[in-house]
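What's in input.cif: mmCIF, C-alpha atoms and all ligand atoms
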```cif
data_final
loop_
_atom_site.label_atom_id
_atom_site.label_comp_id
_atom_site.auth_asym_id
_atom_site.auth_seq_id
_atom_site.Cartn_x
_atom_site.Cartn_y
_atom_site.Cartn_z
CA GLN A 84 -107.99 -175.38 -174.55
CA MET A 85 -105.26 -174.69 -172.03
CA THR A 86 -102.35 -176.14 -173.96
CA ALA A 87 -101.11 -173.87 -176.71
CA THR A 88 -100.38 -170.75 -174.70
CA ALA A 89 -97.46 -171.79 -172.50
CA SER A 90 -94.66 -171.63 -175.05
CA ALA A 91 -95.96 -168.49 -176.68
CA ALA A 92 -96.21 -166.66 -173.39
CA ALA A 93 -92.56 -165.62 -173.19
CA PRO A 94 -91.93 -163.06 -175.92
CA VAL A 95 -89.03 -161.41 -174.06
CA LYS A 96 -86.33 -163.50 -172.43
CA GLU A 97 -86.18 -162.77 -168.73
CA ALA A 98 -82.96 -161.05 -167.62
CA PRO A 99 -80.61 -163.67 -166.13
CA TYR A 100 -79.42 -161.39 -163.33
CA PHE A 101 -80.76 -158.92 -160.86
CA VAL A 102 -79.04 -155.54 -160.88
CA GLU A 103 -78.42 -154.58 -157.24
CA LYS A 104 -76.69 -151.75 -155.41
CA VAL A 105 -73.65 -151.87 -153.12
CA LEU A 106 -74.63 -150.89 -149.56
CA TRP A 107 -71.20 -150.95 -147.92
CA VAL A 108 -67.64 -152.13 -148.43
CA LYS A 109 -65.14 -153.11 -145.74
CA HIS A 110 -61.48 -153.79 -146.49
CA TRP A 111 -59.82 -156.18 -144.02
CA THR A 112 -56.35 -156.38 -145.58
CA ASP A 113 -54.77 -155.71 -148.97
CA ARG A 114 -56.01 -159.18 -149.95
CA LEU A 115 -59.42 -159.47 -148.26
CA PHE A 116 -62.61 -157.44 -148.26
CA SER A 117 -66.33 -157.74 -147.65
CA PHE A 118 -69.30 -155.96 -149.14
CA ALA A 119 -73.07 -156.05 -149.03
CA ILE A 120 -75.68 -155.44 -151.69
CA THR A 121 -79.41 -154.86 -151.72
CA ARG A 122 -81.59 -157.95 -151.76
CA PRO A 123 -84.34 -158.25 -154.37
CA ALA A 124 -87.73 -159.01 -152.84
CA SER A 125 -88.08 -162.22 -154.85
CA PHE A 126 -84.59 -163.58 -154.06
CA ARG A 127 -84.78 -166.68 -151.84
CA PHE A 128 -81.90 -168.82 -150.59
CA ARG A 129 -80.97 -171.22 -147.82
CA SER A 130 -78.28 -170.21 -145.32
CA GLY A 131 -74.93 -171.53 -146.62
CA GLU A 132 -75.73 -171.37 -150.34
CA PHE A 133 -73.72 -169.62 -153.05
CA VAL A 134 -74.75 -167.50 -156.02
CA MET A 135 -73.18 -165.89 -159.08
CA ILE A 136 -71.98 -162.32 -158.55
CA GLY A 137 -70.60 -159.98 -161.20
CA LEU A 138 -70.10 -156.56 -162.64
CA PRO A 139 -71.89 -155.13 -165.66
CA PRO A 140 -69.83 -155.05 -168.87
CA ARG A 141 -68.05 -151.76 -169.52
CA GLU A 142 -69.50 -150.92 -172.89
CA GLU A 143 -67.06 -148.04 -173.38
CA LEU A 144 -64.30 -150.68 -173.36
CA GLY A 145 -66.13 -152.87 -175.83
CA GLU A 146 -67.09 -155.45 -173.20
CA LYS A 147 -70.14 -157.43 -174.23
CA LYS A 148 -70.65 -159.88 -171.39
CA PRO A 149 -70.47 -159.48 -167.64
CA ILE A 150 -67.78 -161.33 -165.65
CA LEU A 151 -69.35 -163.51 -163.00
CA ARG A 152 -68.03 -165.78 -160.26
CA ALA A 153 -69.66 -167.96 -157.63
CA TYR A 154 -69.71 -166.48 -154.12
CA SER A 155 -71.00 -167.88 -150.87
CA ILE A 156 -73.68 -165.67 -149.40
CA GLY A 157 -72.49 -164.55 -145.95
CA SER A 158 -75.91 -163.39 -144.77
CA PRO A 159 -78.44 -165.71 -143.19
CA SER A 160 -81.49 -166.63 -145.29
CA PHE A 161 -83.77 -164.01 -143.73
CA ALA A 162 -81.38 -161.02 -143.92
CA GLU A 163 -82.38 -157.80 -145.65
CA GLU A 164 -79.01 -157.35 -147.34
CA LEU A 165 -76.66 -159.85 -149.01
CA GLU A 166 -73.12 -159.91 -147.64
CA PHE A 167 -70.05 -161.39 -149.37
CA PHE A 168 -66.46 -162.06 -148.26
CA SER A 169 -63.90 -161.91 -151.06
CA ILE A 170 -60.23 -162.08 -151.81
CA LYS A 171 -58.56 -159.52 -154.06
CA VAL A 172 -56.51 -161.00 -156.87
CA PRO A 173 -54.46 -158.19 -158.50
CA ASP A 174 -54.94 -159.58 -162.02
CA GLY A 175 -58.13 -161.53 -161.31
CA PRO A 176 -60.75 -160.91 -164.03
CA LEU A 177 -63.46 -160.11 -161.49
CA THR A 178 -61.78 -159.36 -158.17
CA SER A 179 -59.29 -156.84 -159.61
CA ARG A 180 -62.35 -154.71 -160.41
CA LEU A 181 -64.65 -155.86 -157.63
CA GLN A 182 -62.21 -154.69 -154.95
CA LEU A 183 -62.71 -151.11 -156.23
CA ILE A 184 -66.50 -151.06 -155.75
CA GLN A 185 -68.06 -148.33 -153.67
CA GLU A 186 -71.38 -147.70 -152.03
CA GLY A 187 -74.05 -147.14 -154.70
CA ASP A 188 -72.29 -149.09 -157.48
CA GLU A 189 -74.21 -151.72 -159.45
CA ILE A 190 -73.61 -155.44 -158.90
CA LEU A 191 -75.13 -158.30 -160.87
CA LEU A 192 -76.70 -161.04 -158.80
CA GLY A 193 -77.57 -164.46 -160.22
CA LYS A 194 -81.11 -165.74 -159.85
CA LYS A 195 -80.32 -169.31 -158.81
CA PRO A 196 -78.58 -169.68 -155.45
CA THR A 197 -77.56 -173.27 -154.74
CA GLY A 198 -75.09 -175.36 -152.76
CA THR A 199 -74.46 -178.19 -150.32
CA LEU A 200 -73.22 -176.29 -147.25
CA VAL A 201 -76.73 -176.19 -145.85
CA LEU A 202 -78.23 -177.63 -142.69
CA ASP A 203 -80.61 -179.76 -144.76
CA ALA A 204 -77.68 -181.71 -146.23
CA VAL A 205 -76.38 -182.93 -142.86
CA ARG A 206 -78.12 -185.47 -140.71
CA PRO A 207 -79.22 -184.57 -137.20
CA GLY A 208 -76.45 -184.67 -134.61
CA LYS A 209 -75.16 -182.97 -131.48
CA ARG A 210 -72.15 -181.01 -132.66
CA LEU A 211 -71.73 -179.10 -135.92
CA PHE A 212 -68.14 -178.34 -136.95
CA LEU A 213 -67.82 -175.60 -139.57
CA PHE A 214 -64.26 -175.73 -140.99
CA GLY A 215 -63.26 -172.85 -143.27
CA THR A 216 -59.86 -171.71 -144.52
CA GLY A 217 -59.34 -168.21 -145.90
CA THR A 218 -62.52 -166.89 -147.53
CA GLY A 219 -63.96 -170.36 -146.89
CA LEU A 220 -65.28 -168.74 -143.72
CA ALA A 221 -68.00 -167.06 -145.82
CA PRO A 222 -70.74 -169.72 -145.63
CA TRP A 223 -70.34 -169.94 -141.83
CA LEU A 224 -71.17 -166.24 -141.59
CA SER A 225 -74.54 -167.33 -142.89
CA VAL A 226 -75.04 -170.67 -141.13
CA ALA A 227 -73.81 -169.45 -137.72
CA ARG A 228 -76.20 -166.47 -137.82
CA ASP A 229 -79.18 -168.69 -138.56
CA PRO A 230 -81.25 -169.77 -135.53
CA ASP A 231 -81.79 -173.15 -137.24
CA ALA A 232 -78.16 -174.06 -136.57
CA TYR A 233 -78.79 -173.75 -132.84
CA SER A 234 -82.12 -175.52 -132.83
CA ARG A 235 -80.65 -178.48 -134.72
CA PHE A 236 -77.34 -178.74 -132.86
CA GLU A 237 -76.35 -178.45 -129.21
CA ARG A 238 -73.02 -177.00 -130.14
CA VAL A 239 -71.76 -175.11 -133.21
CA ILE A 240 -68.00 -174.70 -133.77
CA VAL A 241 -66.79 -172.12 -136.29
CA ALA A 242 -63.17 -173.03 -137.12
CA HIS A 243 -61.25 -170.50 -139.23
CA GLY A 244 -57.80 -171.44 -140.53
CA VAL A 245 -55.53 -168.78 -142.01
CA ARG A 246 -51.85 -168.18 -142.68
CA GLU A 247 -51.52 -164.85 -140.84
CA VAL A 248 -53.32 -163.30 -137.88
CA LYS A 249 -54.50 -160.32 -139.92
CA GLU A 250 -56.46 -162.71 -142.15
CA LEU A 251 -58.75 -163.60 -139.24
CA ALA A 252 -61.52 -161.42 -140.64
CA TYR A 253 -64.78 -161.37 -138.68
CA ARG A 254 -62.98 -161.99 -135.39
CA ASP A 255 -65.10 -159.25 -133.81
CA LEU A 256 -68.26 -160.89 -135.09
CA PHE A 257 -67.43 -164.25 -133.56
CA THR A 258 -65.90 -162.98 -130.31
CA GLN A 259 -68.43 -160.26 -129.57
CA GLU A 260 -71.01 -158.99 -132.04
CA ILE A 261 -72.86 -162.25 -132.56
CA PHE A 262 -73.48 -162.53 -128.81
CA ASP A 263 -75.39 -159.23 -128.97
CA ASP A 264 -77.43 -160.28 -132.01
CA PRO A 265 -81.13 -159.91 -131.16
CA LEU A 266 -81.99 -163.12 -132.99
CA VAL A 267 -79.21 -165.59 -132.15
CA GLY A 268 -77.28 -163.83 -129.38
CA ASP A 269 -78.54 -165.99 -126.52
CA GLU A 270 -78.10 -169.22 -128.50
CA ALA A 271 -74.63 -168.19 -129.67
CA ARG A 272 -73.53 -167.38 -126.13
CA ALA A 273 -74.61 -170.81 -124.96
CA GLN A 274 -73.78 -172.94 -128.00
CA LEU A 275 -71.23 -171.28 -130.30
CA THR A 276 -67.46 -171.70 -130.11
CA TYR A 277 -65.11 -169.70 -132.34
CA TYR A 278 -61.93 -171.64 -133.10
CA PRO A 279 -59.36 -169.59 -135.03
CA THR A 280 -56.00 -171.08 -136.00
CA VAL A 281 -52.98 -169.52 -137.71
CA THR A 282 -50.29 -171.45 -139.55
CA ARG A 283 -47.51 -169.06 -140.51
CA GLU A 284 -46.98 -166.82 -137.51
CA ALA A 285 -47.31 -166.84 -133.74
CA PHE A 286 -50.86 -166.95 -132.37
CA GLU A 287 -52.76 -168.36 -129.40
CA ARG A 288 -53.51 -171.40 -131.58
CA GLN A 289 -51.44 -172.68 -134.47
CA GLY A 290 -51.60 -175.46 -137.00
CA ARG A 291 -53.68 -176.80 -139.86
CA PHE A 292 -57.08 -178.35 -139.20
CA THR A 293 -55.72 -181.67 -140.41
CA ASP A 294 -52.94 -181.66 -137.80
CA LEU A 295 -55.26 -180.43 -135.03
CA ILE A 296 -57.65 -183.31 -135.83
CA THR A 297 -54.96 -185.98 -136.14
CA SER A 298 -53.23 -185.00 -132.90
CA GLY A 299 -56.55 -184.82 -131.05
CA LYS A 300 -55.76 -181.24 -130.00
CA LEU A 301 -58.99 -180.00 -131.60
CA PHE A 302 -61.09 -182.14 -129.25
CA GLN A 303 -58.93 -181.33 -126.24
CA ASP A 304 -59.15 -177.58 -126.96
CA LEU A 305 -62.94 -177.83 -127.24
CA GLY A 306 -63.32 -179.90 -124.08
CA ILE A 307 -64.68 -182.85 -126.05
CA GLU A 308 -64.09 -186.28 -124.60
CA GLY A 309 -62.00 -188.59 -126.78
CA ASP A 310 -59.54 -187.76 -129.50
CA ARG A 311 -61.59 -188.28 -132.64
CA PHE A 312 -64.92 -187.50 -134.27
CA ASP A 313 -67.93 -189.45 -133.12
CA PRO A 314 -70.03 -190.56 -136.14
CA GLU A 315 -73.14 -190.75 -133.93
CA ASN A 316 -73.01 -187.12 -132.87
CA ASP A 317 -70.56 -185.11 -134.96
CA ARG A 318 -71.40 -183.38 -138.23
CA ALA A 319 -69.15 -181.14 -140.30
CA MET A 320 -69.05 -178.74 -143.22
CA LEU A 321 -65.84 -177.93 -145.09
CA CYS A 322 -65.06 -174.89 -147.24
CA GLY A 323 -61.66 -173.74 -148.51
CA SER A 324 -58.97 -174.82 -150.93
CA MET A 325 -59.23 -178.12 -152.80
CA ALA A 326 -56.21 -179.44 -150.89
CA MET A 327 -57.71 -178.61 -147.48
CA ILE A 328 -61.05 -180.16 -148.37
CA LYS A 329 -59.51 -183.30 -149.80
CA ASP A 330 -57.22 -183.89 -146.82
CA THR A 331 -59.79 -183.01 -144.16
CA ALA A 332 -62.54 -185.04 -145.83
CA ALA A 333 -60.20 -188.05 -145.91
CA LEU A 334 -59.68 -187.70 -142.15
CA LEU A 335 -63.40 -187.42 -141.49
CA GLU A 336 -64.05 -190.51 -143.57
CA ALA A 337 -61.29 -192.42 -141.82
CA GLN A 338 -63.05 -191.59 -138.53
CA GLY A 339 -66.35 -192.96 -139.81
CA LEU A 340 -68.20 -189.88 -141.12
CA LYS A 341 -69.93 -190.15 -144.48
CA GLU A 342 -70.23 -187.39 -147.06
CA GLY A 343 -73.74 -186.09 -147.73
CA SER A 344 -75.57 -184.02 -150.30
CA ASN A 345 -78.91 -182.31 -150.73
CA ALA A 346 -80.32 -185.48 -152.25
CA GLU A 347 -78.86 -187.69 -149.54
CA PRO A 348 -77.96 -185.93 -146.28
CA GLY A 349 -74.85 -187.28 -144.56
CA ASP A 350 -72.40 -186.61 -141.75
CA PHE A 351 -70.39 -183.96 -143.59
CA VAL A 352 -70.62 -181.80 -146.70
CA ILE A 353 -67.98 -179.97 -148.75
CA GLU A 354 -67.66 -177.07 -151.14
CA ARG A 355 -64.59 -175.39 -152.57
CA ALA A 356 -64.17 -171.70 -151.75
CA PHE A 357 -64.73 -170.29 -155.17
CA VAL A 358 -62.82 -167.19 -156.19
CA GLY A 359 -59.06 -167.39 -156.06
P1 LIG B 1 -50.39 -173.59 -144.40
O1 LIG B 1 -49.99 -172.20 -144.07
O2 LIG B 1 -49.67 -174.62 -143.59
O3 LIG B 1 -50.33 -173.88 -145.88
P2 LIG B 1 -54.43 -170.98 -148.28
O4 LIG B 1 -54.33 -169.48 -148.16
O5 LIG B 1 -53.27 -171.63 -148.97
O6 LIG B 1 -55.75 -171.44 -148.82
O7 LIG B 1 -54.36 -171.51 -146.80
C1 LIG B 1 -55.28 -171.14 -145.81
C2 LIG B 1 -55.03 -172.01 -144.61
O8 LIG B 1 -55.30 -173.37 -144.95
C3 LIG B 1 -53.58 -171.96 -144.15
O9 LIG B 1 -53.57 -171.94 -142.74
C4 LIG B 1 -53.00 -173.24 -144.70
O10 LIG B 1 -51.94 -173.77 -143.94
C5 LIG B 1 -54.19 -174.17 -144.60
N1 LIG B 1 -54.07 -175.31 -145.52
C6 LIG B 1 -53.59 -175.30 -146.78
N2 LIG B 1 -53.63 -176.53 -147.31
C7 LIG B 1 -54.13 -177.35 -146.37
C8 LIG B 1 -54.41 -178.75 -146.32
N3 LIG B 1 -54.16 -179.55 -147.36
N4 LIG B 1 -54.94 -179.24 -145.19
C9 LIG B 1 -55.19 -178.44 -144.14
N5 LIG B 1 -54.94 -177.12 -144.12
C10 LIG B 1 -54.42 -176.57 -145.22
#
```

Would you mind writing the file's structure down as structure tokens?
Amino acid sequence: QMTATASAAAPVKEAPYFVEKVLWVKHWTDRLFSFAITRPASFRFRSGEFVMIGLPPREELGEKKPILRAYSIGSPSFAEELEFFSIKVPDGPLTSRLQLIQEGDEILLGKKPTGTLVLDAVRPGKRLFLFGTGTGLAPWLSVARDPDAYSRFERVIVAHGVREVKELAYRDLFTQEIFDDPLVGDEARAQLTYYPTVTREAFERQGRFTDLITSGKLFQDLGIEGDRFDPENDRAMLCGSMAMIKDTAALLEAQGLKEGSNAEPGDFVIERAFVG
């Protein structure tokens, strides 16, 4: 008696996206910006996941379908708003328009956040290295603001690699604001290290992650004994260009760390930074 109803119960197809509102926009450089949107009450995600983001079609221009791209959510899982960190590509199908958004504009938000850059996909350990190049910093904005990161690891290292100093977006967050955060401020002060590096101009630290790992300078800079990763204690997440991920993952593997996934947690996890 309970069988026949299930398939007949969906006369109208559920909308694939939430329609949300822009809360604020912050432009870092002519190539980088951040924005936040309202969060639907039913939207659940794990810190570090990504979701599809887009703009409604402009019907006056004959557009029929929205343009959507995957974006890492920069807010922690419990946040009231959803923050995103984006590049601006002048002729990019989405970002050429997205960079023009203003407070109050409508944004489409996918209903199925997912991803591997989550604490559940790495095995327990002592140190968590979060390596991000460019907008690959985005998932660490989420993970490093989640108290779980500090309860699972003794030390959390947010490493941001960029070409130019001005691309070090969120420097104020990681050098100051996070320490005043009511939820993770105390933990961050005791356990978080921000590790920015610049490759194409003078800065207090220079060089690619790969070179900093190979030379052992990363460990020396962080006051870690030894000159390589320790598979017993070190865990890592990588986000950035394909080339960075491939080369850094190869180094991690050569030092004995094994890649993990949601299905099978490991010593490190990877995800390409999406737009760009
Ligand atoms: P570099 O300036 O030496 O290319 P991009 O904007 O190209 O994604 O680069 C962001 C940062 O990532 C830059 O500092 C860049 O260094 C660095 N990078 C690019 N490719 C690699 C790689 N294969 N391994 C490590 N770092 C990389």

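Proximity to Pro149 (chain A) was assessed for A:Phe212, A:Val102, A:Glu97, A:Arg355 counting all atoms listed in the file; the smallest distance is recorded for A:Val102.
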
(request) Identify which of the residues A:Pro123, A:Gly175, A:Pro99, A:Gly306 lies closest to Lys148 (chain A), counting only C-alpha atoms when measuring atom-to-atom distances. (result) A:Pro99

(request) Considering only C-alpha atoms, return as a PyMOL selection string whatever protein or nucleic-acid residues lie within 9 Å of Arg152 (chain A), sequence-local ones (same chain, fewer than 5 positions apart) excluded. (result) chain A and resi 134-137+177+357-358

May I ask you to write as a compact mmCIF listing (two decimals) with C-alpha atoms, in the coordinates of the input all residues lying at most 7 Å from ligand LIG 1 (chain B), with all atoms listed in the file counted?
```txt
# COMPACT_ATOMS: atom_id res chain seq x y z
CA THR A 216 -59.86 -171.71 -144.52
CA GLY A 217 -59.34 -168.21 -145.90
CA GLY A 244 -57.80 -171.44 -140.53
CA VAL A 245 -55.53 -168.78 -142.01
CA ARG A 246 -51.85 -168.18 -142.68
CA VAL A 281 -52.98 -169.52 -137.71
CA THR A 282 -50.29 -171.45 -139.55
CA ARG A 283 -47.51 -169.06 -140.51
CA GLY A 290 -51.60 -175.46 -137.00
CA ARG A 291 -53.68 -176.80 -139.86
CA PHE A 292 -57.08 -178.35 -139.20
CA THR A 293 -55.72 -181.67 -140.41
CA GLY A 323 -61.66 -173.74 -148.51
CA SER A 324 -58.97 -174.82 -150.93
CA ALA A 326 -56.21 -179.44 -150.89
CA MET A 327 -57.71 -178.61 -147.48
CA ILE A 328 -61.05 -180.16 -148.37
CA LYS A 329 -59.51 -183.30 -149.80
CA ASP A 330 -57.22 -183.89 -146.82
CA THR A 331 -59.79 -183.01 -144.16
```

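Of the residues under consideration (A:Leu256, A:Phe236, A:Met325, A:Arg210), A:Arg210 shows the shortest atom-to-atom contact distance to Asp313 (chain A) when counting all atoms listed in the file.
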
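Candidate residues A:Arg288, A:Arg114, A:Lys209, A:Lys104 were compared for distance to Pro314 (chain A), and the nearest is A:Lys209, using only C-alpha atoms.
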
(message) When you count all atoms listed in the file, which of these residues is closest to Arg127 (chain A): A:Arg180, A:Lys171, A:Lys194, A:Arg311?
(response) A:Lys194

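If you measure from each of A:Asp203, A:Glu142, A:Asp269, A:Glu166 to Val352 (chain A) using only C-alpha atoms, the closest one turns out to be A:Asp203.
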
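Excluding region 338-343 of chain A itself and same-chain residues fewer than 2 positions from it, the residues having an atom within 9 Å of it are Thr199, Ala204, Val205, Arg206, Arg311, Phe312, Asp313, Pro314, Glu315, Asp317, Arg318, Ala319, Ala332, Ala333, Leu334, Leu335, Glu336, Asn345, Ala346, Glu347, Pro348, Gly349, Asp350, Phe351, Val352 and Ile353 of chain A, counting all atoms listed in the file.
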
(message) Show me, as a PyMOL selection string, the residues that have an atom within 9 Å of Ser130 (chain A) when counting only C-alpha atoms, minus same-chain residues fewer than 4 positions from it.
(response) chain A and resi 156-161+200-202+222-229

Those selected residues, please, written with C-alpha atoms and delivered as a compact mmCIF listing (two decimals), in the coordinates of the input.
```txt
# COMPACT_ATOMS: atom_id res chain seq x y z
CA ILE A 156 -73.68 -165.67 -149.40
CA GLY A 157 -72.49 -164.55 -145.95
CA SER A 158 -75.91 -163.39 -144.77
CA PRO A 159 -78.44 -165.71 -143.19
CA SER A 160 -81.49 -166.63 -145.29
CA PHE A 161 -83.77 -164.01 -143.73
CA LEU A 200 -73.22 -176.29 -147.25
CA VAL A 201 -76.73 -176.19 -145.85
CA LEU A 202 -78.23 -177.63 -142.69
CA PRO A 222 -70.74 -169.72 -145.63
CA TRP A 223 -70.34 -169.94 -141.83
CA LEU A 224 -71.17 -166.24 -141.59
CA SER A 225 -74.54 -167.33 -142.89
CA VAL A 226 -75.04 -170.67 -141.13
CA ALA A 227 -73.81 -169.45 -137.72
CA ARG A 228 -76.20 -166.47 -137.82
CA ASP A 229 -79.18 -168.69 -138.56
```

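Across the model, the gap from CA of Gly219 (chain A) to CA of Ala356 (chain A) is 5.0 Å.
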
Listed atoms of region 251-265 of chain A, axis-aligned box, 5 Å per side: centre and edge lengths to one decimal in Å, as JSON?
```
{"center_x": -69.9, "center_y": -161.6, "center_z": -134.7, "size_x": 32.4, "size_y": 15.3, "size_z": 21.8}
```

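One distance worth recording is that between CA of Gly215 (chain A) and CA of Ile120 (chain A), which is 23.0 Å.
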
(request) Show which residues sit within 7 Å of Pro196 (chain A), as a PyMOL selection string. Count all atoms listed in the file, and ignore same-chain residues fewer than 5 positions away. (result) chain A and resi 128+132-134

Using the atoms already present, construct N, CA and C atoms for region 227-240 of chain A and hand them back as a compact mmCIF listing (two decimals), in the frame of the given file.
```
# COMPACT_ATOMS: atom_id res chain seq x y z
N ALA A 227 -73.94 -169.71 -139.16
CA ALA A 227 -73.81 -169.45 -137.72
C ALA A 227 -74.69 -168.28 -137.26
N ARG A 228 -75.26 -167.53 -138.20
CA ARG A 228 -76.20 -166.47 -137.82
C ARG A 228 -77.65 -166.89 -138.03
N ASP A 229 -77.84 -168.17 -138.33
CA ASP A 229 -79.18 -168.69 -138.56
C ASP A 229 -79.64 -169.47 -137.33
N PRO A 230 -80.77 -169.07 -136.73
CA PRO A 230 -81.25 -169.77 -135.53
C PRO A 230 -81.41 -171.28 -135.73
N ASP A 231 -81.66 -171.71 -136.97
CA ASP A 231 -81.79 -173.15 -137.24
C ASP A 231 -80.57 -173.95 -136.80
N ALA A 232 -79.38 -173.35 -136.95
CA ALA A 232 -78.16 -174.06 -136.57
C ALA A 232 -78.22 -174.45 -135.09
N TYR A 233 -78.77 -173.53 -134.29
CA TYR A 233 -78.79 -173.75 -132.84
C TYR A 233 -79.97 -174.60 -132.39
N SER A 234 -81.01 -174.63 -133.21
CA SER A 234 -82.12 -175.52 -132.83
C SER A 234 -81.81 -176.96 -133.25
N ARG A 235 -80.97 -177.11 -134.27
CA ARG A 235 -80.65 -178.48 -134.72
C ARG A 235 -79.46 -179.09 -134.00
N PHE A 236 -78.55 -178.22 -133.50
CA PHE A 236 -77.34 -178.74 -132.86
C PHE A 236 -77.15 -178.13 -131.47
N GLU A 237 -76.62 -178.95 -130.55
CA GLU A 237 -76.35 -178.45 -129.21
C GLU A 237 -75.18 -177.51 -129.21
N ARG A 238 -74.23 -177.80 -130.12
CA ARG A 238 -73.02 -177.00 -130.14
C ARG A 238 -72.60 -176.74 -131.59
N VAL A 239 -72.20 -175.51 -131.87
CA VAL A 239 -71.76 -175.11 -133.21
C VAL A 239 -70.34 -174.56 -133.08
N ILE A 240 -69.40 -175.13 -133.84
CA ILE A 240 -68.00 -174.70 -133.77
C ILE A 240 -67.60 -174.08 -135.10
```
